[in-house]
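K.L.:
Structure: start_16.txt, compact mmCIF, C-alpha atoms.
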```txt
# COMPACT_ATOMS: atom_id res chain seq x y z
CA MET A 24 151.90 121.49 -40.91
CA ALA A 25 151.86 117.71 -41.13
CA PHE A 26 149.46 116.88 -38.31
CA ARG A 27 145.73 117.43 -38.65
CA PHE A 28 143.41 116.83 -35.72
CA PHE A 29 140.64 119.30 -36.48
CA GLU A 30 139.81 118.32 -40.05
CA THR A 31 136.15 117.57 -39.40
CA LYS A 32 133.50 120.24 -38.96
CA GLU A 33 132.56 118.84 -35.54
CA ARG A 34 136.10 118.99 -34.17
CA ALA A 35 136.68 122.47 -35.54
CA SER A 36 133.48 123.60 -33.81
CA ILE A 37 134.61 122.07 -30.51
CA TYR A 38 137.92 123.91 -30.76
CA GLN A 39 136.24 127.23 -31.53
CA LYS A 40 133.76 126.88 -28.69
CA HIS A 41 135.99 125.69 -25.87
CA MET A 42 139.61 126.70 -26.55
CA ILE A 43 140.60 129.75 -24.50
CA PRO A 44 142.25 132.61 -26.41
CA ALA A 45 145.48 134.11 -25.13
CA PRO A 46 145.14 137.00 -22.68
CA LYS A 47 145.40 140.64 -23.71
CA LYS A 48 148.79 140.76 -21.97
CA VAL A 49 150.28 138.50 -24.64
CA HIS A 50 149.10 140.73 -27.46
CA ASP A 51 150.31 143.81 -25.59
CA VAL A 52 153.80 142.26 -25.38
CA ILE A 53 153.76 141.49 -29.12
CA LEU A 54 152.47 144.89 -30.23
CA SER A 55 154.92 146.72 -27.97
CA TYR A 56 157.76 144.73 -29.49
CA LEU A 57 156.59 145.55 -33.02
CA GLU A 58 156.26 149.22 -32.11
CA GLU A 59 159.79 149.26 -30.71
CA LYS A 60 161.48 147.32 -33.49
CA LYS A 61 159.63 148.49 -36.60
CA GLY A 62 157.27 151.31 -35.71
CA ARG A 63 154.08 152.32 -37.47
CA PRO A 64 152.20 152.06 -39.72
CA PHE A 65 150.93 148.56 -38.93
CA GLU A 66 149.59 147.52 -42.33
CA LEU A 67 149.47 143.73 -42.62
CA ALA A 68 149.52 140.92 -40.05
CA VAL A 69 149.42 137.21 -40.90
CA ASP A 70 148.30 134.70 -38.25
CA VAL A 71 149.68 131.25 -39.11
CA GLY A 72 147.87 128.14 -37.89
CA CYS A 73 144.97 130.42 -37.05
CA GLY A 74 142.46 127.67 -36.29
CA SER A 75 138.99 129.16 -35.94
CA GLY A 76 140.31 132.69 -35.62
CA GLN A 77 140.25 133.58 -31.92
CA ALA A 78 143.75 135.10 -31.95
CA THR A 79 143.41 136.41 -35.51
CA ASN A 80 140.45 138.61 -34.69
CA VAL A 81 142.30 140.29 -31.82
CA LEU A 82 144.78 141.76 -34.32
CA ALA A 83 142.06 143.50 -36.33
CA ALA A 84 141.98 146.63 -34.16
CA HIS A 85 145.70 147.25 -34.72
CA PHE A 86 146.29 146.55 -38.44
CA GLN A 87 144.85 147.77 -41.70
CA LYS A 88 144.51 144.16 -42.83
CA VAL A 89 144.78 140.78 -41.11
CA LEU A 90 144.97 137.39 -42.80
CA GLY A 91 144.53 134.08 -40.98
CA ILE A 92 145.83 130.89 -42.59
CA ASP A 93 145.47 127.25 -41.57
CA ILE A 94 146.09 123.92 -43.28
CA SER A 95 142.67 122.71 -42.09
CA GLU A 96 139.79 123.64 -44.37
CA ALA A 97 137.35 122.80 -41.55
CA GLN A 98 139.03 125.31 -39.24
CA ILE A 99 138.98 128.03 -41.90
CA GLU A 100 135.29 127.39 -42.60
CA GLU A 101 134.59 127.61 -38.85
CA ALA A 102 136.48 130.91 -38.65
CA LYS A 103 134.40 132.30 -41.50
CA ARG A 104 131.18 130.98 -39.96
CA VAL A 105 131.62 132.69 -36.59
CA GLY A 106 132.41 136.01 -38.26
CA SER A 107 135.21 138.56 -38.03
CA PRO A 108 135.84 142.30 -38.37
CA SER A 109 135.69 143.56 -41.95
CA ASN A 110 139.49 143.83 -42.28
CA VAL A 111 140.06 140.14 -41.42
CA SER A 112 140.04 137.35 -44.00
CA TYR A 113 140.99 133.67 -44.03
CA LEU A 114 142.43 131.15 -46.44
CA VAL A 115 143.68 127.57 -46.46
CA ALA A 116 147.47 127.43 -46.74
CA ALA A 117 150.49 125.78 -45.15
CA ALA A 118 152.90 127.55 -42.82
CA GLU A 119 155.77 126.47 -45.02
CA LYS A 120 154.33 127.94 -48.24
CA MET A 121 152.27 131.09 -47.81
CA PRO A 122 150.73 132.86 -50.82
CA PHE A 123 151.93 136.40 -50.09
CA GLU A 124 154.36 138.77 -51.76
CA ASP A 125 157.97 139.21 -50.67
CA ASN A 126 158.61 141.90 -48.04
CA SER A 127 154.88 142.58 -47.59
CA VAL A 128 154.07 141.67 -43.97
CA ASP A 129 154.62 143.72 -40.82
CA LEU A 130 153.91 140.96 -38.29
CA ILE A 131 153.67 137.17 -38.48
CA THR A 132 152.10 135.48 -35.47
CA SER A 133 151.38 131.91 -34.47
CA SER A 134 149.42 130.85 -31.40
CA THR A 135 149.70 127.28 -30.05
CA ALA A 136 150.70 125.94 -33.46
CA ALA A 137 154.42 126.36 -34.18
CA HIS A 138 155.33 122.91 -32.83
CA TRP A 139 153.54 121.47 -35.89
CA PHE A 140 155.64 123.40 -38.39
CA ASN A 141 158.71 122.41 -40.32
CA MET A 142 160.63 125.26 -38.72
CA LYS A 143 163.40 125.45 -41.30
CA ALA A 144 160.89 125.86 -44.15
CA PHE A 145 158.69 128.13 -42.05
CA MET A 146 161.57 130.47 -41.21
CA THR A 147 162.51 130.65 -44.90
CA GLU A 148 158.98 131.90 -45.56
CA VAL A 149 159.08 134.28 -42.61
CA ASP A 150 162.32 135.78 -43.92
CA ARG A 151 160.81 136.15 -47.40
CA LEU A 152 157.52 137.69 -46.29
CA LEU A 153 158.47 140.12 -43.54
CA LYS A 154 159.30 143.70 -44.35
CA PRO A 155 162.68 144.98 -43.13
CA ASN A 156 162.35 145.26 -39.33
CA GLY A 157 159.12 143.23 -39.52
CA CYS A 158 158.54 140.92 -36.57
CA LEU A 159 157.70 137.32 -35.75
CA ALA A 160 155.75 136.33 -32.62
CA ILE A 161 155.22 132.67 -31.67
CA TYR A 162 153.42 131.92 -28.42
CA ASN A 163 151.76 129.19 -26.37
CA PHE A 164 150.84 128.35 -22.78
CA ARG A 165 152.74 126.14 -20.35
CA ALA A 166 151.64 122.55 -19.87
CA HIS A 167 150.94 123.38 -16.23
CA VAL A 168 147.83 124.96 -14.76
CA GLU A 169 147.08 126.24 -11.27
CA LEU A 170 143.59 125.80 -9.81
CA TYR A 171 142.28 127.64 -6.75
CA TYR A 172 139.30 126.53 -4.65
CA LYS A 173 139.11 127.01 -0.87
CA ASP A 174 141.64 124.73 0.86
CA TYR A 175 141.78 122.24 -2.02
CA SER A 176 143.85 124.23 -4.51
CA GLN A 177 147.01 122.13 -4.42
CA SER A 178 145.22 118.79 -4.65
CA ALA A 179 143.02 119.99 -7.50
CA SER A 180 146.00 121.42 -9.37
CA ASP A 181 147.95 118.19 -8.92
CA ALA A 182 145.06 116.12 -10.29
CA LEU A 183 144.66 118.30 -13.37
CA ASN A 184 148.38 118.56 -14.13
CA GLU A 185 148.81 114.82 -13.72
CA ALA A 186 146.09 114.36 -16.34
CA LEU A 187 147.66 116.96 -18.64
CA GLU A 188 151.06 115.31 -18.33
CA PHE A 189 149.57 111.93 -19.21
CA ILE A 190 147.84 113.00 -22.41
CA ALA A 191 150.74 115.26 -23.40
CA THR A 192 153.39 112.55 -23.05
CA GLN A 193 151.26 109.60 -24.18
CA HIS A 194 149.12 111.23 -26.84
CA GLY A 195 150.85 114.47 -27.80
CA PRO A 196 151.56 113.87 -31.50
CA GLY A 197 154.49 114.97 -33.61
CA LYS A 198 157.03 117.37 -32.08
CA PHE A 199 154.99 117.85 -28.93
CA ASP A 200 158.12 117.87 -26.80
CA GLN A 201 158.81 121.33 -28.21
CA TRP A 202 155.65 122.58 -26.51
CA LEU A 203 156.60 120.87 -23.25
CA SER A 204 160.02 122.59 -23.36
CA GLU A 205 158.31 125.97 -23.82
CA TYR A 206 159.62 126.43 -27.36
CA LYS A 207 163.29 126.50 -26.37
CA GLU A 208 164.19 124.46 -29.47
CA ILE A 209 162.02 126.66 -31.65
CA PHE A 210 163.77 129.73 -30.24
CA ASP A 211 167.10 128.23 -31.33
CA GLU A 212 165.71 127.60 -34.84
CA VAL A 213 164.71 131.25 -35.31
CA HIS A 214 167.74 132.49 -37.24
CA PHE A 215 167.23 136.25 -36.77
CA ALA A 216 169.90 137.62 -34.45
CA ASP A 217 167.54 140.06 -32.74
CA LYS A 218 165.26 137.74 -30.75
CA LYS A 219 164.08 137.00 -27.22
CA ARG A 220 161.81 134.78 -25.15
CA VAL A 221 159.24 136.29 -22.77
CA THR A 222 157.85 134.01 -20.07
CA ARG A 223 155.45 134.13 -17.13
CA ILE A 224 152.61 136.00 -18.84
CA LEU A 225 149.78 135.01 -16.51
CA GLN A 226 146.07 134.76 -17.19
CA LYS A 227 143.43 134.33 -14.48
CA LEU A 228 140.03 132.89 -15.36
CA THR A 229 136.96 131.68 -13.54
CA MET A 230 135.86 128.34 -14.94
CA SER A 231 133.41 125.62 -13.94
CA VAL A 232 134.45 121.98 -13.66
CA GLU A 233 132.25 121.27 -16.68
CA ALA A 234 133.96 123.97 -18.77
CA LEU A 235 137.35 122.67 -17.67
CA MET A 236 136.47 119.22 -19.00
CA ARG A 237 135.32 120.67 -22.31
CA LEU A 238 138.59 122.62 -22.53
CA MET A 239 140.51 119.39 -22.01
CA GLU A 240 138.51 117.76 -24.81
CA SER A 241 139.28 120.62 -27.20
CA THR A 242 143.05 120.03 -27.09
CA CYS A 243 144.83 118.29 -29.95
CA MET A 244 146.40 115.78 -27.57
CA TYR A 245 142.98 114.68 -26.33
CA GLN A 246 141.70 114.57 -29.92
CA ASN A 247 144.61 112.28 -30.77
CA PHE A 248 143.73 110.08 -27.77
CA LEU A 249 140.09 110.03 -28.87
CA LEU A 250 141.07 109.08 -32.40
CA LYS A 251 143.17 106.12 -31.26
CA GLU A 252 141.20 104.91 -28.22
CA PRO A 253 137.71 106.50 -28.14
CA GLU A 254 136.33 104.60 -25.16
CA ALA A 255 139.48 105.03 -23.07
CA ALA A 256 139.58 108.74 -23.88
CA LYS A 257 135.99 109.30 -22.78
CA GLU A 258 136.61 107.31 -19.61
CA PHE A 259 139.73 109.38 -18.94
CA VAL A 260 137.74 112.65 -18.91
CA GLN A 261 134.95 111.13 -16.81
CA ASN A 262 137.44 109.83 -14.25
CA LEU A 263 139.18 113.21 -14.07
CA GLN A 264 135.88 114.98 -13.53
CA GLU A 265 134.89 112.58 -10.74
CA ARG A 266 138.31 112.94 -9.12
CA LEU A 267 138.10 116.74 -9.13
CA LEU A 268 134.57 116.75 -7.69
CA LYS A 269 135.72 114.42 -4.92
CA ILE A 270 138.74 116.57 -4.11
CA LEU A 271 136.61 119.72 -4.00
CA GLY A 272 133.93 118.01 -1.89
CA VAL A 273 131.13 119.02 -4.29
CA SER A 274 128.70 117.20 -6.57
CA SER A 275 127.88 119.85 -9.19
CA THR A 276 129.96 120.26 -12.32
CA ASN A 277 128.82 123.90 -12.29
CA THR A 278 131.15 124.51 -9.33
CA GLU A 279 133.49 127.32 -10.31
CA LEU A 280 137.26 127.43 -9.81
CA GLU A 281 139.86 130.06 -10.45
CA MET A 282 142.36 128.90 -13.05
CA VAL A 283 145.74 130.49 -13.79
CA THR A 284 147.51 129.75 -17.06
CA ASP A 285 151.05 130.81 -17.90
CA TYR A 286 152.04 131.93 -21.43
CA PHE A 287 155.44 132.23 -23.10
CA CYS A 288 156.37 134.02 -26.31
CA VAL A 289 159.22 133.92 -28.83
CA LEU A 290 159.81 137.32 -30.48
CA ALA A 291 162.18 138.13 -33.32
CA ARG A 292 162.94 140.99 -35.76
CA LYS A 293 164.02 140.62 -39.37
CA PRO A 294 167.09 142.77 -40.08
CA ALA A 295 166.60 146.08 -41.88
```
What is this file in structure tokens?
P.N.:
Amino acid sequence: MAFRFFETKERASIYQKHMIPAPKKVHDVILSYLEEKKGRPFELAVDVGCGSGQATNVLAAHFQKVLGIDISEAQIEEAKRVGSPSNVSYLVAAAEKMPFEDNSVDLITSSTAAHWFNMKAFMTEVDRLLKPNGCLAIYNFRAHVELYYKDYSQSASDALNEALEFIATQHGPGKFDQWLSEYKEIFDEVHFADKKRVTRILQKLTMSVEALMRLMESTCMYQNFLLKEPEAAKEFVQNLQERLLKILGVSSTNTELEMVTDYFCVLARKPA
């Protein structure tokens, strides 16, 4: 993982506080796939690029042991600080070189992180680590969000997606185009023959305008913008907030909207 945008304690804390975890539906898809392809027992899961542990902790109820790894020491310290179930632990490591034994892992997951990896090296590690019939699950959300508020849903959605497109295309670092293409290239780089993409996994949330702005600020693309042009980045969020309030015809940032996000998932099974 060559790109690091959450290396400081402050940025790791922002990510932990405001980034929204994937919906239960995503984990249900993953666990059903593992059940079908490998079967129980579910002994060890490794969450790669785990950040501050939101997705890692969800796995705890289904595995004897769960390990979260991330290249960022700040993220790992934040994950440890917020606490986890007793069968979850964390360590600093790269996706391309993981300190686990051969054929020892039932499931390897990665949430909103695979576009940072060197996929060739990562897949070599995945092949080495997974047990026969062990599974890989890589997932993220679409760079498109739907907002719903009275008669202003379309205009509000357009404003937000225009802003997302701007920071994604102008400030999305590294191989960010892989995220924008919904991991189609990553799917091609997964060399296991038994694989599939699952799309249109929807999540509905109620969120205030204020929380929506904090979510925007927690993204790596905004953090990259902030790093390069701090004043312009802050002005960008302020202008977006003012535009949304004007569209909605309200003055309070506590005004709540319904937000729908759309997840996609790459699933694959190592041969027996």
K.L.:
Figure out the distance between atom CA of A:Glu188 and atom CA of A:Val71, please, to one decimal in Å.
P.N.:
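So the two atoms, atom CA of A:Val71 and atom CA of A:Glu188, lie 26.2 Å apart.
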K.L.:
If we count all atoms listed in the file, what is near A:Ala186 at a cut-off of 9 Å, once residues fewer than 6 positions away on the same chain are taken out, given as a ChimeraX atom specification?
P.N.:
/A:259-260,263
K.L.:
So which residues fall inside 12 Å of (140.3, 122.6, -0.4) if we count all atoms listed in the file? Mind giving them as a PyMOL selection string?
P.N.:
chain A and resi 170-180+267-273+280
K.L.:
Name the residues in contact with A:Asn80 at a cut-off of 7 Å, using all atoms listed in the file, excluding same-chain residues fewer than 5 positions from it; report them as a PyMOL selection string.
P.N.:
chain A and resi 107-108+111
K.L.:
Return the single residue from A:His85, A:Lys219, A:His214, A:His194 that is closest to A:Tyr56, with distances computed using all atoms listed in the file.
P.N.:
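Once distances to A:Tyr56 are computed over all atoms listed in the file, the minimum belongs to A:Lys219.
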K.L.:
Which one of A:Phe248, A:Trp139, A:Phe287, A:Phe86 sits closest to A:Asp200 if you count only C-alpha atoms?
P.N.:
A:Trp139
K.L.:
Could you check which of A:Thr132, A:Gln264, A:Asn126, A:Ser112 is closest to A:Val69, using all atoms listed in the file?
P.N.:
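For A:Val69, the nearest of the candidates is A:Thr132.
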K.L.:
How many Å separate atom CA of A:Glu240 from atom CA of A:Val49?
P.N.:
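Here the two named atoms are 23.8 Å from each other.
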K.L.:
Looking at A:Ala256, A:Glu265, A:Ala182, A:Met230, which one is nearest to A:Thr278, with distances taken over all atoms listed in the file?
P.N.:
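When distances to A:Thr278 are compared using all atoms listed in the file, the smallest one comes from A:Met230.
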K.L.:
Pick from A:Gln87, A:Lys120, A:Pro294, A:Tyr113: nearest to A:Arg63, with all atoms listed in the file counted?
P.N.:
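Closest to A:Arg63, using all atoms listed in the file: A:Gln87.
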K.L.:
Which one of A:Asp129, A:Asp93, A:Asp150, A:Glu281 sits closest to A:Ala68 if you count all atoms listed in the file?
P.N.:
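Of A:Asp129, A:Asp93, A:Asp150, A:Glu281, the one nearest A:Ala68, counting all atoms listed in the file, is A:Asp129.
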K.L.:
Atom CA of A:Ala160 and atom CA of A:Glu212, how far apart in Å?
P.N.:
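Computing it gives 13.4 Å between the two atoms.
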K.L.:
Write out as a ChimeraX atom specification each polymer residue whose atoms come within 9 Å of A:Lys227, counting all atoms listed in the file; drop sequence neighbours fewer than 4 positions from it.
P.N.:
/A:46,281-284
